[in-house]
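Below is protein_20.txt, which holds compact mmCIF, C-alpha atoms.
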# COMPACT_ATOMS: atom_id res chain seq x y z
CA MET A 1 145.32 70.41 64.68
CA PRO A 2 145.38 71.88 68.23
CA VAL A 3 148.64 71.99 70.12
CA THR A 4 148.69 71.47 73.85
CA THR A 5 151.36 71.36 76.51
CA ILE A 6 151.83 68.06 78.29
CA ALA A 7 154.59 67.64 80.86
CA GLY A 8 156.12 70.89 79.70
CA ARG A 9 156.20 69.75 76.11
CA GLN A 10 154.24 70.94 73.09
CA VAL A 11 152.31 68.12 71.39
CA HIS A 12 149.69 67.94 68.67
CA VAL A 13 146.34 66.44 69.66
CA ASP A 14 143.02 65.82 67.93
CA ALA A 15 139.69 67.26 69.05
CA GLU A 16 139.30 64.57 71.71
CA GLY A 17 142.82 64.94 73.06
CA PHE A 18 144.52 61.93 71.42
CA LEU A 19 148.09 62.64 70.36
CA THR A 20 148.39 62.78 66.59
CA GLU A 21 152.14 62.69 66.00
CA TYR A 22 153.82 59.35 66.66
CA ASP A 23 157.21 60.92 67.27
CA GLU A 24 156.02 63.49 69.78
CA TRP A 25 155.47 60.71 72.33
CA ASP A 26 158.07 59.06 74.48
CA GLU A 27 157.82 56.89 77.56
CA SER A 28 158.06 59.84 79.93
CA LEU A 29 154.66 61.01 78.68
CA ALA A 30 152.90 57.73 79.41
CA PRO A 31 152.41 58.20 83.16
CA VAL A 32 151.19 61.76 82.62
CA LEU A 33 148.63 60.69 80.02
CA ALA A 34 147.61 57.74 82.19
CA LYS A 35 147.09 59.93 85.22
CA ALA A 36 144.91 62.29 83.21
CA ILE A 37 142.48 59.42 82.63
CA GLY A 38 142.73 58.05 86.14
CA ILE A 39 145.22 55.23 85.64
CA GLU A 40 148.32 54.64 87.77
CA LEU A 41 150.83 53.01 85.43
CA THR A 42 152.56 49.75 86.35
CA ASP A 43 155.16 47.73 84.47
CA ARG A 44 152.39 45.57 83.10
CA HIS A 45 150.62 48.62 81.67
CA MET A 46 153.89 49.59 80.04
CA GLU A 47 154.22 46.16 78.44
CA VAL A 48 150.90 46.80 76.70
CA VAL A 49 151.93 50.33 75.73
CA ARG A 50 155.26 49.16 74.30
CA PHE A 51 153.53 46.45 72.30
CA LEU A 52 151.07 49.00 70.91
CA ARG A 53 153.87 51.38 69.91
CA LYS A 54 155.85 48.66 68.18
CA ASP A 55 152.83 47.14 66.48
CA TYR A 56 151.72 50.53 65.19
CA LEU A 57 155.03 50.96 63.41
CA ASP A 58 154.53 47.62 61.64
CA GLN A 59 150.82 47.87 60.94
CA LYS A 60 150.28 51.64 60.59
CA GLU A 61 147.18 51.27 62.72
CA THR A 62 146.46 50.84 66.40
CA ALA A 63 146.04 47.26 67.59
CA THR A 64 142.60 46.25 68.86
CA THR A 65 142.11 44.42 72.17
CA ARG A 66 141.95 41.19 70.21
CA ARG A 67 145.27 41.84 68.54
CA VAL A 68 146.86 42.83 71.84
CA GLN A 69 145.88 39.36 73.06
CA ALA A 70 146.56 37.37 69.89
CA VAL A 71 149.87 39.00 68.97
CA GLY A 72 150.91 40.86 72.10
CA GLY A 73 150.08 38.01 74.46
CA ILE A 74 148.18 40.08 77.02
CA PRO A 75 144.80 38.44 77.68
CA VAL A 76 141.66 40.48 76.97
CA LYS A 77 140.44 39.92 80.50
CA GLU A 78 143.61 41.45 81.90
CA GLN A 79 143.34 44.38 79.50
CA PHE A 80 139.94 45.16 81.01
CA THR A 81 141.52 45.09 84.49
CA LEU A 82 144.46 47.30 83.51
CA PHE A 83 142.42 49.78 81.48
CA PRO A 84 138.92 49.55 82.97
CA ALA A 85 135.70 49.80 80.94
CA LYS A 86 137.22 51.02 77.66
CA PRO A 87 140.56 49.27 77.23
CA GLY A 88 140.97 49.77 73.48
CA LYS A 89 140.74 53.55 73.62
CA LYS A 90 142.48 54.03 76.94
CA MET A 91 145.60 52.08 76.05
CA ALA A 92 145.79 53.80 72.68
CA TYR A 93 145.59 57.18 74.39
CA ILE A 94 148.37 56.41 76.85
CA ALA A 95 150.53 55.08 74.01
CA GLY A 96 150.06 58.32 72.09
CA LEU A 97 148.29 56.57 69.23
CA PRO A 98 144.96 57.08 67.44
CA LYS A 99 141.89 55.16 68.59
CA PRO A 100 141.81 51.65 67.11
CA LYS A 101 139.80 51.57 63.88
CA GLY A 102 139.18 47.84 63.67
CA CYS A 103 135.76 46.43 64.60
CA VAL A 104 137.19 43.41 66.39
CA MET B 1 154.73 69.50 86.28
CA SER B 2 152.22 69.92 89.06
CA ASP B 3 149.36 71.54 87.24
CA GLU B 4 148.38 69.62 84.13
CA THR B 5 145.61 71.49 82.39
CA PHE B 6 145.71 69.86 78.99
CA ILE B 7 142.53 68.35 77.63
CA ALA B 8 142.38 64.58 77.97
CA PRO B 9 139.65 62.48 76.35
CA ASP B 10 136.62 61.89 78.52
CA PHE B 11 136.33 58.14 78.93
CA GLY B 12 133.65 58.44 81.59
CA SER B 13 133.95 56.63 84.89
CA ASP B 14 135.41 53.16 85.34
CA GLU B 15 132.12 52.03 86.80
CA PRO B 16 129.52 50.45 84.53
CA THR B 17 127.90 53.15 82.42
CA GLY B 18 124.44 51.87 83.19
CA ARG B 19 123.96 51.29 79.49
CA LYS B 20 122.93 47.73 78.76
CA LEU B 21 122.62 45.80 75.54
CA ALA B 22 120.67 42.56 75.16
CA ILE B 23 121.28 40.56 72.00
CA ILE B 24 119.07 37.68 70.97
CA CYS B 25 120.89 35.31 68.62
CA SER B 26 118.36 33.15 66.81
CA LYS B 27 120.15 32.18 63.61
CA GLY B 28 122.42 29.22 62.97
CA ASN B 29 123.88 30.19 59.61
CA LEU B 30 127.51 31.19 59.80
CA ASP B 31 126.98 34.64 58.28
CA MET B 32 124.24 35.43 60.77
CA ALA B 33 126.35 34.45 63.77
CA TYR B 34 128.63 37.43 63.27
CA PRO B 35 126.42 40.53 63.61
CA GLY B 36 125.61 39.78 67.24
CA LEU B 37 129.20 38.87 68.06
CA ILE B 38 130.66 41.99 66.49
CA LEU B 39 128.15 44.39 68.02
CA GLY B 40 128.30 42.70 71.42
CA ASN B 41 132.08 42.81 71.44
CA ALA B 42 132.12 46.46 70.34
CA ALA B 43 129.65 47.37 73.09
CA LEU B 44 131.78 45.64 75.74
CA GLY B 45 134.77 47.68 74.59
CA GLU B 46 132.74 50.82 75.28
CA GLY B 47 131.89 49.84 78.83
CA VAL B 48 128.36 48.63 78.01
CA GLN B 49 126.97 45.61 79.87
CA VAL B 50 126.13 42.90 77.33
CA ASP B 51 123.93 39.82 77.66
CA LEU B 52 123.51 37.42 74.75
CA PHE B 53 120.56 35.05 74.64
CA PHE B 54 120.84 32.08 72.29
CA THR B 55 117.63 30.61 70.99
CA PHE B 56 116.44 28.28 68.21
CA TRP B 57 119.14 27.88 65.55
CA GLY B 58 121.34 30.34 67.37
CA PHE B 59 121.96 27.48 69.79
CA ASP B 60 124.60 26.14 67.43
CA MET B 61 126.80 29.10 68.38
CA ILE B 62 127.14 27.86 71.96
CA MET B 63 127.04 24.11 71.32
CA THR B 64 130.59 22.80 71.69
CA GLU B 65 130.21 20.31 68.86
CA ARG B 66 128.63 22.69 66.41
CA ALA B 67 130.04 26.17 66.97
CA ASP B 68 133.07 25.58 64.78
CA ASP B 69 131.01 23.75 62.21
CA MET B 70 128.48 26.39 61.24
CA ALA B 71 127.79 26.69 57.54
CA PHE B 72 126.81 29.28 54.99
CA SER B 73 124.59 28.62 52.00
CA PRO B 74 124.08 30.95 49.06
CA ALA B 75 120.55 29.55 48.67
CA GLY B 76 118.00 32.30 49.00
CA ASN B 77 120.71 34.94 49.25
CA ALA B 78 120.17 37.19 46.26
CA ALA B 79 123.16 39.36 47.22
CA MET B 80 125.64 36.53 46.70
CA ARG B 81 128.21 37.37 44.02
CA LEU B 82 130.69 35.13 42.30
CA PRO B 83 134.28 35.53 43.50
CA VAL B 84 135.36 36.96 40.15
CA GLY B 85 133.81 39.87 38.34
CA ASN B 86 130.70 41.44 39.75
CA LEU B 87 128.33 38.70 38.67
CA ARG B 88 125.35 37.64 40.69
CA MET B 89 125.46 33.98 41.51
CA PRO B 90 122.54 32.23 39.79
CA GLN B 91 120.18 30.87 42.42
CA SER B 92 119.86 27.70 40.35
CA LEU B 93 123.46 26.88 41.30
CA ALA B 94 122.92 27.34 45.03
CA PRO B 95 121.42 23.90 45.69
CA ALA B 96 124.17 22.10 43.76
CA PRO B 97 126.04 19.40 45.71
CA GLY B 98 129.06 20.80 47.52
CA MET B 99 127.94 24.41 47.13
CA THR B 100 127.33 24.94 50.85
CA ALA B 101 130.74 23.51 51.73
CA LEU B 102 132.40 25.69 49.10
CA ALA B 103 130.59 28.86 50.15
CA THR B 104 131.34 28.12 53.82
CA ARG B 105 135.05 27.69 53.11
CA MET B 106 135.12 30.94 51.18
CA LEU B 107 133.31 32.88 53.90
CA LYS B 108 135.49 31.43 56.65
CA ARG B 109 138.60 32.41 54.72
CA SER B 110 137.31 35.95 54.13
CA ILE B 111 136.57 36.32 57.84
CA ALA B 112 139.96 34.95 58.89
CA ASP B 113 141.74 37.16 56.35
CA ILE B 114 140.62 40.31 58.13
CA GLY B 115 141.66 38.97 61.53
CA VAL B 116 138.17 38.25 62.80
CA PRO B 117 138.03 35.16 65.02
CA THR B 118 135.98 32.00 64.57
CA VAL B 119 132.66 31.80 66.40
CA PRO B 120 134.03 29.91 69.46
CA GLU B 121 137.06 32.19 69.75
CA PHE B 122 134.85 35.24 69.40
CA LEU B 123 132.68 34.01 72.26
CA ASP B 124 135.85 33.43 74.33
CA GLN B 125 136.74 37.06 73.80
CA ILE B 126 133.22 38.27 74.65
CA VAL B 127 133.22 36.33 77.91
CA ALA B 128 136.74 37.56 78.74
CA SER B 129 135.46 41.10 78.18
CA GLY B 130 132.67 40.56 80.70
CA GLY B 131 129.81 39.58 78.39
CA ARG B 132 127.37 36.94 79.61
CA LEU B 133 125.92 34.06 77.60
CA TRP B 134 122.46 32.62 78.24
CA ALA B 135 120.74 29.64 76.66
CA CYS B 136 117.01 29.46 75.94
CA ARG B 137 115.06 26.91 77.99
CA MET B 138 112.52 26.13 75.29
CA SER B 139 115.20 25.55 72.65
CA ALA B 140 117.13 23.27 75.02
CA ASP B 141 113.98 21.22 75.65
CA MET B 142 113.05 21.14 71.98
CA PHE B 143 116.52 20.08 70.78
CA HIS B 144 117.07 17.73 73.76
CA VAL B 145 120.18 19.62 74.71
CA ASP B 146 121.43 20.06 78.24
CA LYS B 147 124.18 22.06 79.89
CA GLU B 148 126.85 19.43 79.07
CA ASP B 149 126.35 20.07 75.35
CA LEU B 150 127.02 23.77 75.78
CA ARG B 151 130.14 25.84 76.37
CA ASP B 152 131.21 25.83 80.02
CA ASP B 153 130.91 29.58 80.19
CA VAL B 154 127.17 29.65 79.40
CA GLU B 155 125.74 31.12 82.60
CA ALA B 156 122.52 29.11 82.64
CA ILE B 157 119.61 27.79 80.64
CA ILE B 158 116.82 30.25 81.33
CA SER B 159 113.29 31.04 80.19
CA ALA B 160 112.39 33.90 77.89
CA SER B 161 110.72 35.70 80.77
CA ASP B 162 113.87 35.35 82.92
CA PHE B 163 115.84 36.99 80.14
CA ILE B 164 113.35 39.79 79.68
CA GLU B 165 113.33 40.40 83.42
CA MET B 166 117.12 40.50 83.74
CA THR B 167 117.55 42.85 80.80
CA GLU B 168 115.16 45.49 82.06
CA GLY B 169 116.13 48.86 80.64
CA ALA B 170 118.50 47.32 78.07
CA GLN B 171 118.61 48.16 74.41
CA LEU B 172 117.68 45.05 72.51
CA LEU B 173 118.86 43.54 69.26
CA PHE B 174 117.12 40.58 67.69
CA ILE B 175 119.26 38.78 65.16
Take the structure in the file and write it out as structure tokens.
Amino acid sequence: MPVTTIAGRQVHVDAEGFLTEYDEWDESLAPVLAKAIGIELTDRHMEVVRFLRKDYLDQKETATTRRVQAVGGIPVKEQFTLFPAKPGKKMAYIAGLPKPKGCV
Amino acid sequence: MSDETFIAPDFGSDEPTGRKLAIICSKGNLDMAYPGLILGNAALGEGVQVDLFFTFWGFDMIMTERADDMAFSPAGNAAMRLPVGNLRMPQSLAPAPGMTALATRMLKRSIADIGVPTVPEFLDQIVASGGRLWACRMSADMFHVDKEDLRDDVEAIISASDFIEMTEGAQLLFI
């Protein structure tokens, strides 16, 4: 697993650049990761990110856009505005989680 | 922290990718409603423009009174297994009274168990993700259905040639 330095910190990432270790992420990394994919983080983005982090602990997998709406309460349409074009992957990346595996 | 040189995933641009997917939904059996919904939804999540065209029995998917009442029958489905063991369901049982209702209940439960939405909710999600729904003119005429019978978010009732024209360059799935 490659190791890279993000915000002066060593983190493990997969071949695409997604963080692989849950505990190597904290909220100070989120804006840095977001900026790297062209997103300026707002409080609303962070609500999604915090939901994803918490849900991952419970479920052991990354929530899909549907789950972020159904359980997290953030509408799919808004997710597409916050994380344009590819919301599922982008929000997972910023939250330091693997890409969602679910089909729906 | 000025110079971040780490490798971030390449998600492409935020603009539409130019990739387009056109899905023709022609079936009204519950099990055949899902392939188009799942693939369309997945494509939207990858930044692909998606247009769904509902025709013939696929009309039930966008009819407000029918979309939540689609059914599944084991008749003619040789792959159908009994819920216990690995036994093929005898086709002679398929036409038995109540079998369609039973099989439909079972399928709906299996779908709900894995967190997949019902047909109307799935279409809500597709529209919220930017997908567009179109109804077939000929089917509307044939079934004596007009716009009031359809979901509000159906863009329009259009002809087959309109759909072909608007999906120029798209990849096409016929289901």
Taking only C-alpha atoms into account and nothing else, which residues of chain B lie no more than 7 Å away from chain A? Please answer as a list in words.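 Only these qualify: Met1, Glu4, Phe6, Ile7, Ala8, Pro9, Asp14, Ile38, Ala42, Gly45, Glu46, Gly47, Val116, Gln125, Ala128 and Ser129 of chain B.
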Skipping near chain neighbours, those fewer than 5 positions away, what residues fall within 10 Å of B:Tyr34 using all atoms listed in the file, listed as a list of chain:residue names? B:Cys25, B:Lys27, B:Asn29, B:Leu39, B:Gly40, B:Met61, B:Ile111, B:Val116, B:Pro117, B:Thr118, B:Val119, B:Phe122, B:Ile175
For the atom pair atom CA of A:Glu47 and atom CA of A:Val68, what is the interatomic distance in Å to one decimal place?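 Calculated distance between atom CA of A:Glu47 and atom CA of A:Val68 is 10.4 Å.
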Point-to-point distance from atom CA of B:Ala156 to atom CA of B:Asp51, Å rounded to tenths: 11.9 Å
Within 10 Å of B:Lys108, counting all atoms listed in the file, which residues show up once you throw out same-chain ones fewer than 4 positions away? Write them as a ChimeraX atom specification, please. /B:30-31,70-72,102-104,112-113,116-118
Can you tell me, as a CSV table (one decimal) with C-alpha atoms, in the coordinates of the input, what residues are no more than 7 Å from B:Leu21 when counting all atoms listed in the file, ignoring any on the same chain fewer than 6 positions away?
chain,number,residue,atom,x,y,z
B,48,VAL,CA,128.4,48.6,78.0
B,49,GLN,CA,127.0,45.6,79.9
B,50,VAL,CA,126.1,42.9,77.3
B,51,ASP,CA,123.9,39.8,77.7
B,170,ALA,CA,118.5,47.3,78.1
B,171,GLN,CA,118.6,48.2,74.4
B,172,LEU,CA,117.7,45.0,72.5
Env of A:Lys60: 12 Å cut, atoms = only C-alpha atoms, seq-sep filter 2 positions within chain, self excluded. Answer as a PyMOL selection string. chain A and resi 22+52-58+62-63+97-98+100-101
Between atom CA of B:Thr55 and atom CA of B:Gly18, what is the distance in Å, rounded to a tenth? 25.4 Å
Of the residues A:Gln59, A:Gln10, A:Ala30, A:Glu21, which is the one nearest to A:Ala95, using all atoms listed in the file?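 Among the listed residues, A:Ala30 lies closest to A:Ala95.
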Choose the residue, out of B:Phe143, B:Trp134, B:Phe11, B:Phe174, that has the smallest atom-to-atom separation from B:Trp57; count all atoms listed in the file.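 Counting all atoms listed in the file, the residue closest to B:Trp57 is B:Phe143.
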Restricting the calculation to only C-alpha atoms: of B:Phe53, B:Asp60, B:Ala140, B:Gly12, which residue gets closest to B:Gly28?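 Of B:Phe53, B:Asp60, B:Ala140, B:Gly12, the one nearest B:Gly28 is B:Asp60, counting only C-alpha atoms.
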Place all heavy atoms on stretch 50-61 of chain A and deliver the coordinates as a short mmCIF file (atom, residue, chain, number, x, y, z; two decimals), in the coordinates of the input.
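Here's the written file selection-v5.cif:
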data_model
loop_
_atom_site.label_atom_id
_atom_site.label_comp_id
_atom_site.auth_asym_id
_atom_site.auth_seq_id
_atom_site.Cartn_x
_atom_site.Cartn_y
_atom_site.Cartn_z
N ARG A 50 154.12 49.40 75.20
CA ARG A 50 155.26 49.16 74.30
C ARG A 50 154.86 48.27 73.13
O ARG A 50 155.30 48.49 72.00
CB ARG A 50 156.42 48.52 75.08
CG ARG A 50 157.08 49.51 76.01
CD ARG A 50 158.32 48.96 76.70
NE ARG A 50 158.71 49.88 77.75
CZ ARG A 50 158.77 49.57 79.04
NH1 ARG A 50 158.49 48.34 79.46
NH2 ARG A 50 159.10 50.47 79.93
N PHE A 51 154.00 47.28 73.41
CA PHE A 51 153.53 46.45 72.30
C PHE A 51 152.76 47.31 71.29
O PHE A 51 152.98 47.22 70.08
CB PHE A 51 152.63 45.30 72.79
CG PHE A 51 151.91 44.63 71.65
CD1 PHE A 51 152.60 43.81 70.78
CD2 PHE A 51 150.56 44.90 71.39
CE1 PHE A 51 151.97 43.23 69.68
CE2 PHE A 51 149.93 44.33 70.30
CZ PHE A 51 150.64 43.50 69.44
N LEU A 52 151.87 48.16 71.80
CA LEU A 52 151.07 49.00 70.91
C LEU A 52 151.95 49.90 70.03
O LEU A 52 151.71 50.05 68.83
CB LEU A 52 150.12 49.89 71.72
CG LEU A 52 148.88 49.24 72.31
CD1 LEU A 52 148.15 50.24 73.20
CD2 LEU A 52 147.94 48.77 71.20
N ARG A 53 152.97 50.49 70.65
CA ARG A 53 153.87 51.38 69.91
C ARG A 53 154.58 50.63 68.78
O ARG A 53 154.67 51.10 67.66
CB ARG A 53 154.93 51.98 70.86
CG ARG A 53 154.37 52.89 71.93
CD ARG A 53 153.98 54.24 71.42
NE ARG A 53 155.06 54.98 70.76
CZ ARG A 53 154.89 56.18 70.22
NH1 ARG A 53 153.69 56.76 70.25
NH2 ARG A 53 155.89 56.80 69.63
N LYS A 54 155.08 49.45 69.14
CA LYS A 54 155.85 48.66 68.18
C LYS A 54 154.94 48.17 67.05
O LYS A 54 155.27 48.24 65.87
CB LYS A 54 156.48 47.48 68.91
CG LYS A 54 157.38 46.62 68.08
CD LYS A 54 158.09 45.61 69.00
CE LYS A 54 158.37 44.31 68.29
NZ LYS A 54 157.17 43.54 67.95
N ASP A 55 153.75 47.69 67.46
CA ASP A 55 152.83 47.14 66.48
C ASP A 55 152.33 48.22 65.52
O ASP A 55 152.13 47.98 64.34
CB ASP A 55 151.63 46.50 67.21
CG ASP A 55 150.78 45.67 66.27
OD1 ASP A 55 151.28 44.64 65.78
OD2 ASP A 55 149.61 46.06 66.00
N TYR A 56 152.18 49.43 66.04
CA TYR A 56 151.72 50.53 65.19
C TYR A 56 152.73 50.82 64.08
O TYR A 56 152.35 51.09 62.94
CB TYR A 56 151.48 51.79 66.03
CG TYR A 56 150.88 52.93 65.24
CD1 TYR A 56 149.49 53.04 65.12
CD2 TYR A 56 151.67 53.89 64.62
CE1 TYR A 56 148.92 54.07 64.39
CE2 TYR A 56 151.11 54.92 63.88
CZ TYR A 56 149.73 55.01 63.77
OH TYR A 56 149.16 56.02 63.05
N LEU A 57 153.99 50.74 64.42
CA LEU A 57 155.03 50.96 63.41
C LEU A 57 154.92 49.93 62.28
O LEU A 57 155.07 50.26 61.11
CB LEU A 57 156.42 50.86 64.04
CG LEU A 57 156.99 52.11 64.68
CD1 LEU A 57 158.44 51.85 65.07
CD2 LEU A 57 156.90 53.31 63.74
N ASP A 58 154.65 48.68 62.65
CA ASP A 58 154.53 47.62 61.64
C ASP A 58 153.24 47.74 60.83
O ASP A 58 153.24 47.55 59.63
CB ASP A 58 154.51 46.23 62.32
CG ASP A 58 155.80 45.97 63.08
OD1 ASP A 58 156.81 46.62 62.76
OD2 ASP A 58 155.78 45.11 63.99
N GLN A 59 152.15 47.99 61.54
CA GLN A 59 150.82 47.87 60.94
C GLN A 59 150.25 49.20 60.43
O GLN A 59 149.25 49.20 59.72
CB GLN A 59 149.83 47.27 61.95
CG GLN A 59 150.23 45.90 62.47
CD GLN A 59 150.18 44.85 61.39
OE1 GLN A 59 149.25 44.82 60.57
NE2 GLN A 59 151.18 43.98 61.36
N LYS A 60 150.79 50.30 60.91
CA LYS A 60 150.28 51.64 60.59
C LYS A 60 148.85 51.83 61.09
O LYS A 60 148.12 52.69 60.61
CB LYS A 60 150.31 51.92 59.06
CG LYS A 60 151.68 51.75 58.45
CD LYS A 60 152.62 52.87 58.88
CE LYS A 60 154.04 52.62 58.42
NZ LYS A 60 154.98 52.40 59.52
N GLU A 61 148.42 50.99 62.01
CA GLU A 61 147.18 51.27 62.72
C GLU A 61 147.25 50.69 64.12
O GLU A 61 148.05 49.80 64.39
CB GLU A 61 145.95 50.77 61.96
CG GLU A 61 145.90 49.30 61.68
CD GLU A 61 144.63 48.93 60.91
OE1 GLU A 61 143.58 48.81 61.54
OE2 GLU A 61 144.71 48.79 59.67
#
